[in-house]
>>> print(open('my_file_1.txt').read())   # compact mmCIF, C-alpha atoms and all ligand atoms
# COMPACT_ATOMS: atom_id res chain seq x y z
CA MET A 177 90.44 149.83 98.27
CA SER A 178 93.21 148.89 95.90
CA HIS A 179 92.89 146.53 92.98
CA SER A 180 95.14 144.59 90.68
CA ASN A 181 97.32 146.34 88.17
CA PRO A 182 96.84 144.76 84.74
CA ILE A 183 100.31 145.71 83.56
CA SER A 184 101.98 143.58 86.17
CA VAL A 185 100.36 140.24 85.39
CA PRO A 186 102.95 137.92 83.82
CA THR A 187 100.70 135.59 81.82
CA SER A 188 99.63 135.35 78.22
CA ARG A 189 96.39 136.96 79.33
CA ARG A 190 98.43 139.73 80.87
CA ARG A 191 96.01 142.48 79.95
CA PHE A 192 92.93 140.65 81.18
CA LEU A 193 92.06 140.39 84.81
CA LEU A 194 89.06 139.21 86.65
CA GLY A 195 88.71 141.86 89.33
CA ALA A 196 88.69 140.11 92.68
CA ALA A 197 84.91 139.75 92.86
CA ALA A 198 85.15 143.45 92.87
CA ILE A 199 83.75 144.99 95.91
CA THR A 200 82.06 142.03 97.50
CA THR A 201 83.74 139.47 99.63
CA GLY A 202 84.48 135.82 99.45
CA ALA A 203 84.07 132.99 97.03
CA ALA A 204 81.28 131.60 99.19
CA ALA A 205 78.91 134.09 97.71
CA PHE A 206 79.65 132.59 94.29
CA ARG A 207 79.43 128.95 95.29
CA PHE A 208 76.10 129.26 97.06
CA PRO A 209 74.04 131.78 95.13
CA THR A 210 70.58 132.51 96.46
CA PRO A 211 67.72 132.45 94.00
CA ALA A 212 66.44 136.02 94.11
CA ILE A 213 67.97 138.33 91.52
CA ALA A 214 68.95 140.71 94.28
CA GLN A 215 71.39 138.09 95.62
CA GLY A 216 71.98 136.22 92.35
CA ALA A 217 74.95 136.09 89.98
CA PRO A 218 76.90 139.32 90.01
CA LEU A 219 76.54 141.71 87.12
CA LYS A 220 79.80 141.52 85.19
CA VAL A 221 81.17 144.91 84.19
CA GLY A 222 84.01 144.96 81.65
CA PHE A 223 86.38 147.89 82.06
CA MET A 224 88.20 148.66 78.82
CA LEU A 225 90.53 151.49 79.78
CA PRO A 226 94.11 152.63 79.33
CA TYR A 227 96.17 151.37 82.28
CA SER A 228 99.45 152.12 80.51
CA GLY A 229 100.77 154.87 78.23
CA THR A 230 100.14 158.60 78.20
CA PHE A 231 96.51 158.18 79.38
CA ALA A 232 97.30 155.63 82.13
CA LYS A 233 96.39 157.93 85.00
CA LEU A 234 93.15 158.89 83.29
CA GLY A 235 92.08 155.26 82.98
CA LYS A 236 93.04 154.50 86.55
CA PHE A 237 91.01 157.41 87.88
CA VAL A 238 87.93 156.40 85.86
CA ASP A 239 88.29 152.90 87.31
CA ASP A 240 88.81 154.24 90.85
CA GLY A 241 85.82 156.57 90.60
CA PHE A 242 83.51 153.80 89.39
CA ARG A 243 84.63 151.30 92.04
CA LEU A 244 84.36 153.93 94.75
CA TYR A 245 80.73 154.62 93.90
CA VAL A 246 79.88 150.91 93.98
CA GLU A 247 81.80 150.44 97.20
CA ARG A 248 79.81 153.21 98.86
CA GLN A 249 76.61 151.39 97.88
CA GLY A 250 77.88 148.30 99.69
CA GLY A 251 79.10 146.53 96.53
CA SER A 252 75.64 146.30 94.90
CA LEU A 253 73.63 148.53 92.59
CA GLY A 254 69.85 148.09 92.58
CA GLY A 255 70.37 145.04 94.81
CA ARG A 256 72.69 143.37 92.27
CA ARG A 257 76.28 142.60 93.18
CA ILE A 258 78.89 143.95 90.79
CA GLU A 259 82.08 142.29 89.61
CA PHE A 260 84.72 143.53 87.22
CA VAL A 261 86.92 142.32 84.41
CA GLN A 262 89.48 144.78 83.13
CA VAL A 263 91.54 145.13 79.99
CA ASP A 264 94.31 147.59 79.25
CA ASP A 265 93.43 149.09 75.87
CA GLU A 266 96.74 151.00 75.82
CA SER A 267 94.96 153.79 73.89
CA LYS A 268 95.62 151.75 70.74
CA PRO A 269 92.79 151.89 68.18
CA GLU A 270 94.35 149.01 66.23
CA SER A 271 93.78 146.59 69.15
CA ALA A 272 90.37 147.93 70.14
CA THR A 273 88.10 145.59 68.19
CA ASP A 274 89.93 142.49 69.46
CA ASN A 275 89.90 143.74 73.05
CA MET A 276 86.22 144.52 72.89
CA ASN A 277 85.37 141.18 71.24
CA ARG A 278 87.24 139.35 73.98
CA LEU A 279 85.31 141.16 76.70
CA VAL A 280 82.00 140.51 75.02
CA GLY A 281 82.71 137.05 73.55
CA ARG A 282 85.10 135.30 75.92
CA GLU A 283 84.48 137.10 79.19
CA LYS A 284 80.74 137.43 78.52
CA VAL A 285 80.43 140.73 80.31
CA ASP A 286 76.97 142.22 80.85
CA LEU A 287 78.12 145.66 79.82
CA VAL A 288 81.31 147.50 78.97
CA VAL A 289 82.61 150.70 80.53
CA GLY A 290 85.25 152.42 78.39
CA THR A 291 87.24 154.26 77.26
CA VAL A 292 89.42 157.38 77.29
CA HIS A 293 90.73 157.66 73.69
CA SER A 294 88.31 158.73 70.95
CA GLY A 295 89.80 156.42 68.29
CA VAL A 296 89.53 153.38 70.57
CA ALA A 297 85.98 154.39 71.50
CA MET A 298 84.90 154.42 67.86
CA ALA A 299 85.87 150.75 67.48
CA MET A 300 84.11 149.94 70.77
CA VAL A 301 80.91 151.61 69.63
CA LYS A 302 80.90 149.52 66.45
CA VAL A 303 81.23 146.27 68.42
CA ALA A 304 78.64 147.43 70.98
CA ARG A 305 76.19 148.07 68.16
CA ASP A 306 76.95 144.81 66.32
CA THR A 307 76.62 142.68 69.47
CA ASN A 308 73.90 144.75 71.17
CA THR A 309 76.15 145.15 74.22
CA PRO A 310 75.39 148.07 76.55
CA LEU A 311 78.25 150.55 76.65
CA ILE A 312 78.94 153.48 78.97
CA ILE A 313 81.70 155.76 77.72
CA PRO A 314 83.31 157.41 80.75
CA ASN A 315 85.58 159.81 78.86
CA ALA A 316 86.19 159.62 75.10
CA GLY A 317 84.50 162.59 73.45
CA VAL A 318 84.30 161.40 69.84
CA ASN A 319 81.23 163.18 68.48
CA GLU A 320 79.99 160.23 66.41
CA ALA A 321 79.39 158.01 69.47
CA THR A 322 76.36 160.11 70.33
CA GLY A 323 75.83 161.32 66.77
CA PRO A 324 75.40 159.05 63.75
CA MET A 325 76.50 155.98 65.78
CA CYS A 326 74.04 156.57 68.62
CA ALA A 327 71.99 153.64 69.94
CA PRO A 328 69.57 153.18 72.84
CA HIS A 329 72.13 151.05 74.72
CA ILE A 330 75.08 153.45 74.27
CA PHE A 331 75.66 156.17 76.89
CA ARG A 332 78.32 158.68 77.73
CA THR A 333 78.97 160.15 81.19
CA SER A 334 81.65 162.54 79.99
CA PHE A 335 81.18 165.05 77.14
CA SER A 336 81.28 165.33 73.38
CA ASN A 337 84.37 166.88 71.86
CA TRP A 338 82.16 169.64 70.48
CA GLN A 339 80.44 170.33 73.80
CA VAL A 340 83.39 171.37 75.96
CA CYS A 341 85.31 173.39 73.36
CA GLN A 342 82.72 175.36 71.39
CA PRO A 343 81.98 177.67 74.38
CA MET A 344 85.68 178.60 74.65
CA GLY A 345 85.54 180.55 71.36
CA LYS A 346 83.26 183.23 72.79
CA VAL A 347 85.10 183.26 76.12
CA MET A 348 88.39 184.09 74.41
CA PHE A 349 86.84 186.70 72.13
CA ASP A 350 85.14 188.36 75.11
CA GLU A 351 88.55 188.48 76.82
CA GLY A 352 89.83 190.52 73.87
CA ARG A 353 91.61 187.78 71.92
CA ARG A 354 91.31 188.36 68.20
CA ASN A 355 93.61 185.77 66.62
CA ALA A 356 94.67 182.33 67.75
CA VAL A 357 96.95 179.44 66.86
CA THR A 358 95.57 175.99 67.65
CA ILE A 359 97.73 173.04 68.63
CA THR A 360 96.83 169.42 69.32
CA TRP A 361 97.45 165.76 68.58
CA ARG A 362 96.42 164.64 65.11
CA TYR A 363 93.56 162.26 65.89
CA ALA A 364 89.79 162.38 66.25
CA ALA A 365 89.62 164.12 69.66
CA GLY A 366 92.20 166.76 68.75
CA ALA A 367 90.61 167.52 65.38
CA GLN A 368 87.07 167.69 66.75
CA MET A 369 87.96 169.82 69.77
CA VAL A 370 89.90 172.27 67.62
CA ASP A 371 87.04 172.43 65.09
CA ALA A 372 84.55 173.15 67.87
CA PHE A 373 86.73 175.90 69.32
CA LYS A 374 87.17 177.44 65.86
CA GLU A 375 83.41 177.35 65.31
CA GLY A 376 82.86 179.38 68.49
CA PHE A 377 85.82 181.73 67.99
CA THR A 378 85.21 182.63 64.34
CA ARG A 379 81.47 183.03 64.93
CA ALA A 380 82.33 185.55 67.66
CA GLY A 381 84.61 187.42 65.22
CA GLY A 382 88.05 185.90 65.90
CA ALA A 383 90.49 184.65 63.26
CA ILE A 384 92.63 181.51 63.17
CA VAL A 385 96.29 182.16 62.33
CA GLU A 386 97.40 178.54 61.92
CA ASP A 387 96.51 175.02 63.04
CA LEU A 388 99.44 172.99 64.38
CA ALA A 389 99.39 169.26 65.12
CA LEU A 390 101.62 166.28 65.81
CA PRO A 391 100.85 162.54 65.82
CA PHE A 392 99.33 160.98 68.97
CA PRO A 393 100.97 160.37 71.46
CA GLU A 394 104.18 162.20 70.48
CA VAL A 395 105.51 164.85 72.85
CA GLU A 396 108.30 166.49 70.83
CA PHE A 397 106.71 169.93 70.95
CA GLN A 398 109.79 172.09 70.41
CA ALA A 399 109.45 172.78 66.68
CA LEU A 400 105.77 173.67 67.08
CA ILE A 401 106.46 175.94 70.04
CA THR A 402 109.12 177.72 67.97
CA ARG A 403 106.54 178.12 65.22
CA ILE A 404 104.10 179.75 67.69
CA ALA A 405 106.83 182.16 68.77
CA THR A 406 107.40 183.09 65.13
CA LEU A 407 103.69 183.56 64.35
CA LYS A 408 103.10 185.71 67.47
CA PRO A 409 99.32 185.19 67.73
CA ASP A 410 97.56 186.95 70.59
CA SER A 411 96.44 183.58 72.02
CA VAL A 412 96.86 179.80 71.74
CA PHE A 413 94.17 177.14 72.09
CA ALA A 414 95.44 173.63 72.92
CA PHE A 415 94.11 170.14 73.50
CA PHE A 416 96.44 167.66 75.14
CA ALA A 417 95.74 165.37 78.09
CA GLY A 418 97.54 163.15 80.59
CA GLY A 419 101.32 162.88 80.26
CA GLY A 420 101.30 164.84 76.99
CA ALA A 421 99.54 167.78 78.65
CA VAL A 422 102.09 167.84 81.45
CA LYS A 423 104.97 168.04 78.98
CA PHE A 424 103.33 170.60 76.69
CA VAL A 425 102.55 173.04 79.51
CA LYS A 426 106.07 172.71 80.91
CA ASP A 427 107.70 173.17 77.47
CA TYR A 428 105.49 176.20 76.73
CA ALA A 429 106.61 177.81 79.98
CA ALA A 430 110.25 176.84 79.46
CA ALA A 431 110.16 178.69 76.13
CA GLY A 432 108.86 181.75 78.00
CA LEU A 433 105.65 181.88 75.95
CA ASN A 434 103.43 181.76 79.04
CA ARG A 435 104.58 185.34 79.73
CA THR A 436 103.75 186.69 76.25
CA ILE A 437 101.05 184.57 74.58
CA PRO A 438 98.20 183.42 76.88
CA LEU A 439 97.46 179.72 76.70
CA TYR A 440 93.86 178.51 76.69
CA GLY A 441 92.49 175.05 76.11
CA ALA A 442 90.09 172.25 76.71
CA GLY A 443 90.13 171.51 80.45
CA PHE A 444 92.06 168.27 79.95
CA LEU A 445 95.16 170.44 79.51
CA THR A 446 95.24 171.05 83.27
CA ASP A 447 92.95 168.41 84.84
CA GLY A 448 94.65 165.64 86.77
CA THR A 449 97.99 167.15 85.73
CA LEU A 450 98.56 170.05 88.11
CA PRO A 451 100.79 168.27 90.65
CA ALA A 452 103.24 167.57 87.80
CA GLN A 453 102.85 170.91 86.01
CA GLY A 454 103.35 173.03 89.14
CA ALA A 455 103.65 176.78 88.72
CA ASP A 456 104.06 176.42 84.94
CA ALA A 457 100.28 175.98 84.72
CA ASN A 458 99.37 179.11 86.69
CA GLY A 459 96.97 181.37 84.84
CA ILE A 460 95.95 178.86 82.14
CA LYS A 461 92.25 179.19 81.39
CA THR A 462 90.25 176.24 80.16
CA THR A 463 86.65 175.15 79.66
CA LEU A 464 85.35 171.88 81.07
CA HIS A 465 82.28 170.35 82.71
CA TYR A 466 84.00 170.37 86.10
CA ALA A 467 86.03 172.63 88.39
CA ASP A 468 87.87 171.52 91.51
CA ASN A 469 86.13 173.98 93.82
CA LEU A 470 82.53 173.52 92.71
CA ASP A 471 80.73 174.21 95.94
CA ASN A 472 77.96 171.65 96.02
CA PRO A 473 77.34 168.81 98.51
CA ALA A 474 77.86 166.08 95.89
CA ASN A 475 81.30 167.43 94.97
CA ARG A 476 82.37 167.86 98.56
CA ALA A 477 81.31 164.29 99.40
CA PHE A 478 82.97 162.90 96.27
CA LEU A 479 86.30 164.67 96.86
CA GLU A 480 86.41 163.60 100.48
CA ALA A 481 85.63 159.97 99.66
CA PHE A 482 88.09 159.85 96.76
CA LYS A 483 90.88 161.28 98.89
CA ALA A 484 90.13 158.80 101.67
CA LYS A 485 90.24 155.88 99.23
CA THR A 486 93.21 156.80 97.04
CA GLY A 487 95.13 159.48 98.94
CA GLN A 488 94.85 161.66 95.82
CA ASP A 489 92.68 164.56 94.73
CA GLY A 490 89.74 163.62 92.55
CA ASP A 491 89.58 165.05 89.04
CA ILE A 492 87.27 165.01 86.05
CA TYR A 493 88.20 161.44 85.09
CA ALA A 494 87.30 160.13 88.53
CA VAL A 495 84.03 162.10 88.43
CA GLN A 496 83.15 160.55 85.07
CA GLY A 497 83.83 157.05 86.43
CA TRP A 498 81.77 157.77 89.54
CA ASP A 499 78.89 159.05 87.40
CA ALA A 500 79.09 156.01 85.10
CA ALA A 501 78.36 153.86 88.16
CA ALA A 502 75.62 156.26 89.25
CA LEU A 503 74.03 155.91 85.82
CA LEU A 504 74.20 152.11 85.90
CA ALA A 505 72.60 152.27 89.35
CA GLU A 506 69.60 154.06 87.84
CA GLY A 507 69.11 151.22 85.35
CA LEU A 508 69.48 148.49 87.95
CA LYS A 509 67.21 150.25 90.43
CA ALA A 510 64.47 150.44 87.79
CA THR A 511 64.56 146.66 87.27
CA LYS A 512 65.44 145.64 90.83
CA GLY A 513 68.74 144.34 89.59
CA ASP A 514 67.37 142.37 86.64
CA TRP A 515 69.64 143.13 83.69
CA SER A 516 67.63 140.85 81.42
CA ALA A 517 65.00 143.62 81.51
CA ARG A 518 67.47 145.64 79.50
CA THR A 519 65.03 147.82 77.61
CA GLN A 520 63.49 149.02 80.85
CA ALA A 521 66.93 149.55 82.40
CA THR A 522 68.32 151.58 79.52
CA ALA A 523 65.13 153.65 79.29
CA ALA A 524 65.55 154.53 82.98
CA MET A 525 69.16 155.44 82.32
CA ARG A 526 68.15 157.79 79.48
CA ALA A 527 65.69 159.51 81.80
CA ALA A 528 68.15 159.72 84.72
CA ARG A 529 68.80 162.98 86.54
CA ILE A 530 71.99 162.64 88.49
CA ASP A 531 73.20 164.91 91.27
CA SER A 532 76.79 164.79 90.04
CA PRO A 533 79.88 166.40 91.59
CA ARG A 534 79.95 168.42 88.34
CA GLY A 535 76.43 169.81 88.99
CA PRO A 536 73.13 168.68 87.44
CA LEU A 537 73.57 165.87 84.92
CA SER A 538 70.92 164.56 82.52
CA PHE A 539 71.06 162.91 79.10
CA ASN A 540 69.87 163.87 75.64
CA ARG A 541 68.12 161.57 73.16
CA ALA A 542 71.52 160.28 71.99
CA GLY A 543 72.74 159.42 75.50
CA ASN A 544 75.17 162.35 75.75
CA PRO A 545 75.27 164.45 78.92
CA VAL A 546 73.46 167.76 79.18
CA GLN A 547 75.59 169.74 81.63
CA ASN A 548 77.18 173.04 82.55
CA VAL A 549 80.49 173.96 80.96
CA TYR A 550 82.68 176.00 83.30
CA LEU A 551 85.45 178.49 82.65
CA ARG A 552 88.30 177.67 85.04
CA GLU A 553 91.66 179.23 85.78
CA VAL A 554 94.63 177.51 87.36
CA ARG A 555 95.29 179.17 90.72
CA ASN A 556 97.03 177.72 93.75
CA GLY A 557 97.44 174.33 92.11
CA ARG A 558 93.72 174.00 91.40
CA ASN A 559 91.35 174.47 88.46
CA GLU A 560 89.23 177.16 90.08
CA LEU A 561 85.82 178.19 88.85
CA VAL A 562 85.75 181.58 87.11
CA SER A 563 82.25 181.52 85.59
CA ILE A 564 79.74 179.32 83.81
CA ALA A 565 80.70 179.44 80.12
CA GLY A 566 77.56 177.56 79.11
CA GLN A 567 74.55 176.57 81.20
CA ALA A 568 73.06 173.10 80.58
CA VAL A 569 74.96 172.74 77.31
CA ASP A 570 73.47 170.10 75.03
CA ASP A 571 75.29 168.46 72.13
CA PRO A 572 73.45 168.76 68.79
CA ALA A 573 73.73 164.97 68.29
CA ARG A 574 74.10 165.56 64.57
CA GLY A 575 73.19 162.43 62.60
CA CYS A 576 71.55 160.57 65.51
CA ARG A 577 68.28 159.03 64.37
CA ILE A 578 66.83 158.40 67.84
CA GLN A 579 63.84 160.67 68.32
CA ALA A 580 63.36 162.68 71.50
C1 LIG A 601 89.67 161.60 73.74
O1 LIG A 601 90.47 160.96 73.02
O2 LIG A 601 88.47 161.69 73.46
C2 LIG A 601 90.17 162.27 74.98
C3 LIG A 601 91.31 161.81 75.60
C4 LIG A 601 91.74 162.41 76.76
C5 LIG A 601 91.03 163.46 77.31
C6 LIG A 601 89.90 163.91 76.69
C7 LIG A 601 89.46 163.32 75.51
>>> encode(input="my_file_1.txt", output="structure tokens", more="lines below")
Ligand code: BEZ
Amino acid sequence: MSHSNPISVPTSRRRFLLGAAAITTGAAAFRFPTPAIAQGAPLKVGFMLPYSGTFAKLGKFVDDGFRLYVERQGGSLGGRRIEFVQVDDESKPESATDNMNRLVGREKVDLVVGTVHSGVAMAMVKVARDTNTPLIIPNAGVNEATGPMCAPHIFRTSFSNWQVCQPMGKVMFDEGRRNAVTITWRYAAGAQMVDAFKEGFTRAGGAIVEDLALPFPEVEFQALITRIATLKPDSVFAFFAGGGAVKFVKDYAAAGLNRTIPLYGAGFLTDGTLPAQGADANGIKTTLHYADNLDNPANRAFLEAFKAKTGQDGDIYAVQGWDAAALLAEGLKATKGDWSARTQATAAMRAARIDSPRGPLSFNRAGNPVQNVYLREVRNGRNELVSIAGQAVDDPARGCRIQA
């Protein structure tokens, strides 16, 4: 099913759209509500995602994955119909508080699902805490969201920045890498992912030659790539995502470095990007909580359904959106669709055990996923599973005061 594109709406509320009663059908259902909660007013989900900019495809795939899950449940979760409002956050932290306040205050959503960018997510978490609005983060990895800023109504169906990168340090050391240059965007996600990688790599015995960074979302990589060529480390660890990842991988190969200095990274470097990166991505090894060829029934069913709906291959962003809907379903099932029984719903969500396309998915006391982290290698245009880099990896949730 397709849905409206927020960038194309020519009104002053251009970035706000009421999703067309989402999955369910006509206006009649709204004009003549039946009394039981199961058929009552739809639950209003606010999507705050990037629908434009370097993370546009990521936001779209989160949105598609979530809607697909709901659609396959017949448009209802726990007997409650679902409708959507969406806002393009443009991956701009400076607009995030206003966007979130409009969803919560003006649109009166029941919960918010968002976002991709760690800096935007931090502002969302603050508003979610101040207004006691349930929030499911379907991508952004900012550690604080499930660390010192944790709350019983805040969940993440993705990862923490620490979680997916710390295991890569040992992987690289075990592959014989002894010194590395890091390169990323200069913002929360880049800094935290690089720190986590360095923690794992130096603990294993590796050394960091130099940390390189450029402002988000710049893509003028040439000077930094020249610097890598000069430093001649035996490996490079990178975090970029979306359009920036496409350009970095292509520039790295154009400079010939892919033949002399192996490139490793957080899985976002090659997830959802391979059609555009082509052969330039071959051989790149990354760690992530997903691999394209995970051979489990949930992944096979998800990939088939996603392809049928969108004509495209599913990726980690779509999985995270799908799982955000699966998590909400757990809460609504526990209360038979009654979102006013919020405490019961969020407790059920904390206790959820989801059969995810990524493998088993549960949640720690801070609402962060406990999940496998996989080593993948790009082969034949896919992120193929090499091994499990970390089984049931939990985030330490440093600073979270919720007790287990
Ligand atoms: C982040 O900002 O947290 C992020 C963005 C894209 C991919 C992964 C993480």
>>> atom_distance(input="my_file_1.txt", atom1="atom CA of A:Gly317", atom2="atom CA of A:Asn275")
19.6 Å
>>> residues_near_ligand(input="my_file_1.txt", ligand="ligand LIG 601 (chain A)", cutoff="6 Å", atoms="all atoms listed in the file", output="ChimeraX atom specification")
/A:292-294,316-318,365,417,444
>>> closest_residue(input="my_file_1.txt", among="A:Val288, A:Leu400, A:Met298, A:Ile530", to="A:Asp387", atoms="all atoms listed in the file")
A:Leu400
>>> residues_around(input="my_file_1.txt", residues="A:Leu450", least_positions_apart="5", cutoff="8 Å", atoms="all atoms listed in the file", output="list in words")
Val422, Ala457, Gly557 and Arg558 of chain A
>>> closest_residue(input="my_file_1.txt", among="A:His329, A:Arg282, A:Phe231, A:Asp447", to="A:Gln520", atoms="all atoms listed in the file")
A:His329
>>> closest_residue(input="my_file_1.txt", among="A:Ala510, A:Val303, A:Val562, A:Val549", to="A:Gly459", atoms="only C-alpha atoms")
A:Val562
>>> atom_distance(input="my_file_1.txt", atom1="atom CA of A:Asp456", atom2="atom CA of A:Glu266")
28.0 Å
>>> residues_near_point(input="my_file_1.txt", point="(71.6, 172.3, 67.6)", cutoff="12 Å", atoms="only C-alpha atoms", output="list in words")
Gly323, Trp338, Gln339, Asn540, Val569, Asp570, Asp571, Pro572, Ala573, Arg574, Gly575 and Cys576 of chain A
>>> residues_around(input="my_file_1.txt", residues="A:Leu279", least_positions_apart="2", cutoff="9 Å", atoms="all atoms listed in the file", output="PyMOL selection string")
chain A and resi 192+222-224+261-263+274-277+281-285+288
>>> closest_residue(input="my_file_1.txt", among="A:Ala299, A:Ala484, A:Ile330, A:Ala523", to="A:Ala542", atoms="only C-alpha atoms")
A:Ile330
>>> closest_residue(input="my_file_1.txt", among="A:Lys461, A:Lys236, A:Lys268, A:Arg526", to="A:Ser563", atoms="all atoms listed in the file")
A:Lys461
>>> atom_distance(input="my_file_1.txt", atom1="atom CA of A:Leu503", atom2="atom CA of A:Met525")
6.0 Å
>>> closest_residue(input="my_file_1.txt", among="A:Arg278, A:Arg256, A:Lys374, A:His465", to="A:Gln567", atoms="all atoms listed in the file")
A:His465
>>> residues_around(input="my_file_1.txt", residues="A:Thr449", least_positions_apart="4", cutoff="8 Å", atoms="all atoms listed in the file", output="list in words")
Gly418, Gly419, Ala421, Val422, Leu445 and Gln453 of chain A
>>> residues_around(input="my_file_1.txt", residues="A:Tyr466", least_positions_apart="4", cutoff="12 Å", atoms="all atoms listed in the file", output="MDAnalysis selection string")
chainID A and resid 334:335 340 442:444 446:448 462 470:472 475 490:496 532:537 547:553 558:566
>>> residues_around(input="my_file_1.txt", residues="stretch 394-398 of chain A", least_positions_apart="3", cutoff="6 Å", atoms="all atoms listed in the file", output="list in words")
Pro391, Ile401 and Gly420 of chain A
